[in-house]
$ cat final36.csv   # CSV, C-alpha atoms
chain,number,residue,atom,x,y,z
A,4,MET,CA,141.8,60.6,23.4
A,5,PRO,CA,141.9,60.9,27.2
A,6,GLY,CA,140.8,58.0,29.3
A,7,PHE,CA,137.7,58.5,31.3
A,8,GLY,CA,138.4,55.9,34.0
A,9,PHE,CA,138.0,56.6,37.7
A,10,PRO,CA,141.2,55.3,39.3
A,11,LYS,CA,141.9,55.4,43.1
A,12,THR,CA,144.3,58.3,42.4
A,13,ALA,CA,141.3,60.4,41.3
A,14,ARG,CA,139.4,59.8,44.6
A,15,LEU,CA,139.5,61.1,48.1
A,16,LEU,CA,139.6,57.8,50.1
A,17,LYS,CA,140.7,58.5,53.6
A,18,PRO,CA,139.0,60.6,56.3
A,19,LYS,CA,142.2,62.7,56.5
A,20,ASP,CA,141.8,63.7,52.8
A,21,PHE,CA,138.2,64.8,53.5
A,22,SER,CA,139.1,66.7,56.7
A,23,GLY,CA,141.9,68.5,54.9
A,24,VAL,CA,139.4,69.9,52.4
A,25,PHE,CA,136.8,70.8,55.1
A,26,SER,CA,139.4,72.6,57.3
A,27,ASN,CA,141.4,74.3,54.5
A,28,ALA,CA,138.7,75.0,51.8
A,29,VAL,CA,140.2,77.7,49.6
A,30,LEU,CA,137.4,77.6,47.0
A,31,ARG,CA,133.7,77.3,47.5
A,32,VAL,CA,131.1,76.9,44.8
A,33,PRO,CA,127.7,77.1,46.4
A,34,HIS,CA,124.3,76.2,44.9
A,35,LYS,CA,120.9,75.6,46.4
A,36,HIS,CA,121.3,71.8,45.8
A,37,LEU,CA,125.0,71.2,45.9
A,38,LEU,CA,128.1,72.7,47.5
A,39,ILE,CA,131.6,72.2,46.2
A,40,LEU,CA,134.6,72.8,48.4
A,41,ALA,CA,138.2,72.6,47.1
A,42,THR,CA,141.7,73.0,48.2
A,43,PRO,CA,145.0,72.7,46.3
A,44,ASN,CA,146.8,69.4,46.3
A,45,GLU,CA,150.3,68.1,45.3
A,46,PHE,CA,149.2,65.0,43.5
A,47,GLY,CA,149.3,66.4,39.9
A,48,CYS,CA,145.6,65.8,39.3
A,49,ALA,CA,142.2,66.7,40.6
A,50,ARG,CA,140.7,64.3,43.2
A,51,VAL,CA,137.0,64.1,44.3
A,52,GLY,CA,135.2,63.0,47.3
A,53,LEU,CA,131.4,62.7,47.7
A,54,VAL,CA,129.2,63.4,50.7
A,55,PHE,CA,125.5,62.7,50.4
A,56,SER,CA,123.6,62.1,53.6
A,57,LYS,CA,120.5,60.2,54.4
A,58,LYS,CA,119.0,63.4,55.7
A,59,ASN,CA,119.0,65.0,52.2
A,60,LEU,CA,118.6,61.8,50.1
A,61,LYS,CA,116.5,59.4,52.0
A,62,LEU,CA,116.8,56.3,49.8
A,63,ALA,CA,120.0,54.5,48.9
A,64,VAL,CA,118.9,54.4,45.3
A,65,GLN,CA,118.7,58.2,45.3
A,66,ARG,CA,122.2,58.6,46.8
A,67,ASN,CA,123.7,56.1,44.4
A,68,ARG,CA,122.1,57.8,41.4
A,69,VAL,CA,123.5,61.2,42.4
A,70,LYS,CA,126.9,59.8,43.2
A,71,ARG,CA,127.1,58.0,39.8
A,72,LEU,CA,126.2,61.2,38.0
A,73,VAL,CA,128.7,63.3,39.9
A,74,ARG,CA,131.5,60.8,39.3
A,75,GLU,CA,130.6,60.6,35.6
A,76,SER,CA,130.5,64.4,35.3
A,77,PHE,CA,133.9,64.7,37.1
A,78,ARG,CA,135.5,62.2,34.8
A,79,HIS,CA,134.7,64.4,31.8
A,80,GLN,CA,136.3,67.5,33.3
A,81,ALA,CA,139.8,67.3,31.7
A,82,GLU,CA,141.1,70.7,32.6
A,83,LEU,CA,140.5,70.8,36.3
A,84,PRO,CA,143.4,72.2,38.3
A,85,ASN,CA,145.2,70.1,40.9
A,86,LEU,CA,142.6,70.3,43.6
A,87,ASP,CA,141.1,68.1,46.2
A,88,ILE,CA,137.3,68.5,45.8
A,89,VAL,CA,134.4,67.5,48.0
A,90,VAL,CA,130.9,67.6,46.6
A,91,LEU,CA,128.2,67.9,49.3
A,92,GLY,CA,124.5,67.3,48.7
A,93,ARG,CA,121.9,69.7,50.1
A,94,GLN,CA,118.2,69.7,50.6
A,95,GLY,CA,116.0,69.3,47.5
A,96,LEU,CA,118.7,67.5,45.5
A,97,MET,CA,116.3,64.5,44.9
A,98,THR,CA,113.9,66.8,43.0
A,99,LEU,CA,116.4,67.1,40.1
A,100,ASP,CA,116.2,64.6,37.3
A,101,ASN,CA,119.3,63.3,35.6
A,102,ILE,CA,119.4,66.0,32.8
A,103,GLU,CA,118.9,68.9,35.3
A,104,LEU,CA,121.6,67.4,37.6
A,105,ARG,CA,124.1,67.1,34.7
A,106,GLN,CA,123.5,70.7,33.6
A,107,LEU,CA,123.9,71.9,37.2
A,108,LEU,CA,127.2,69.9,37.6
A,109,ASP,CA,128.5,71.3,34.3
A,110,GLU,CA,127.8,74.8,35.5
A,111,LEU,CA,129.4,74.2,38.9
A,112,TRP,CA,132.6,72.7,37.3
A,113,ARG,CA,132.8,75.8,35.1
A,114,ARG,CA,132.5,78.1,38.1
A,115,LEU,CA,135.1,76.1,40.0
A,116,LYS,CA,137.6,76.3,37.1
A,117,ARG,CA,136.9,80.1,36.8
A,118,LYS,CA,137.4,80.6,40.5
A,119,ALA,CA,140.6,78.5,40.6
A,120,LEU,CA,142.0,80.4,37.6
A,121,HIS,CA,141.2,83.9,39.1
A,122,SER,CA,142.3,83.1,42.6
A,123,GLN,CA,145.8,83.1,43.9
A,124,LEU,CA,145.9,79.5,45.3
A,125,PRO,CA,148.4,79.3,48.3
A,126,PRO,CA,151.4,77.1,47.9
A,127,ILE,CA,151.4,73.5,49.2
A,128,THR,CA,153.5,72.9,52.3
A,129,GLU,CA,155.4,69.7,53.1
A,130,THR,CA,152.5,68.4,55.1
A,131,GLY,CA,150.2,68.7,52.0
A,132,THR,CA,148.1,71.6,53.3
A,133,PRO,CA,147.9,75.0,51.7
A,134,GLY,CA,149.5,77.9,53.4
A,135,GLY,CA,152.1,77.7,56.1
$ encode --input "final36.csv" --output "structure tokens"
Amino acid sequence: MPGFGFPKTARLLKPKDFSGVFSNAVLRVPHKHLLILATPNEFGCARVGLVFSKKNLKLAVQRNRVKRLVRESFRHQAELPNLDIVVLGRQGLMTLDNIELRQLLDELWRRLKRKALHSQLPPITETGTPGG
């Protein structure tokens, strides 16, 4: 049985990691309430970073709830390719309850896997960025 922990190796921690995804996003999975951006990595596993602003989720309790659910959903995605992933919140996200948000995340992960499988991801260079 695979472990469902969330070690530091599965997280985007530094601003450089986030800016790499924002500037080199190869895959985009848009939705009205969430946007997932992804770029290939060389770490041998998928890593995730979360961006939820006060503009879209006014209260800290709302931001924390959504982040907790996104992390939990990410941990259960065993067959994600080696990607650095950033999940961004959009307007109206606070209107979703936990069940709706879980269903939405499951669908977005499915779409991300499908796009990664069907796209020709560029090779990783020595600097850790896709392309040349």
$ residues_near_point --input "final36.csv" --point "(136.2, 67.7, 51.3)" --cutoff "6 Å" --atoms "all atoms listed in the file" --output "count of residues only"
5
$ closest_residue --input "final36.csv" --among "A:Ala41, A:Ala28, A:Leu108, A:Leu60" --to "Arg93 of chain A" --atoms "only C-alpha atoms"
A:Leu60
$ closest_atom_pairs --input "final36.csv" --of "segment 19-66 of chain A" --to "segment 81-84 of chain A" --cutoff "9 Å" --atoms "all atoms listed in the file" --output "Markdown table"
| residue | atom | partner | partner_atom | distance |
| --- | --- | --- | --- | --- |
| A:Pro43 | CA | A:Pro84 | CA | 8.2 |
| A:Gly47 | CA | A:Pro84 | CA | 8.4 |
| A:Cys48 | CA | A:Pro84 | CA | 6.8 |
| A:Ala49 | CA | A:Pro84 | CA | 6.1 |
$ atom_distance --input "final36.csv" --atom1 "atom CA of Leu120 of chain A" --atom2 "atom CA of Ser22 of chain A"
23.7 Å
$ residues_around --input "final36.csv" --residues "Asn44 of chain A" --least-positions-apart "2" --cutoff "6 Å" --atoms "all atoms listed in the file" --output "list in words"
Phe46, Asn85, Leu86 and Asp87 of chain A
$ residues_around --input "final36.csv" --residues "segment 110-117 of chain A" --least-positions-apart "2" --cutoff "9 Å" --atoms "only C-alpha atoms" --output "number ranges by chain"
A: 30-34, 37-39, 41, 76-77, 80, 82-84, 105-108, 119-122
$ residues_around --input "final36.csv" --residues "Leu16 of chain A" --least-positions-apart "6" --cutoff "10 Å" --atoms "all atoms listed in the file" --output "PDB file with C-alpha atoms, in the coordinates of the input"
ATOM      1  CA  ARG A  50     140.700  64.300  43.200  1.00  0.00           C
ATOM      2  CA  VAL A  51     137.000  64.100  44.300  1.00  0.00           C
ATOM      3  CA  GLY A  52     135.200  63.000  47.300  1.00  0.00           C
ATOM      4  CA  LEU A  53     131.400  62.700  47.700  1.00  0.00           C
TER       5      LEU A  53
END
$ atom_distance --input "final36.csv" --atom1 "atom CA of Leu72 of chain A" --atom2 "atom CA of Lys58 of chain A"
19.2 Å
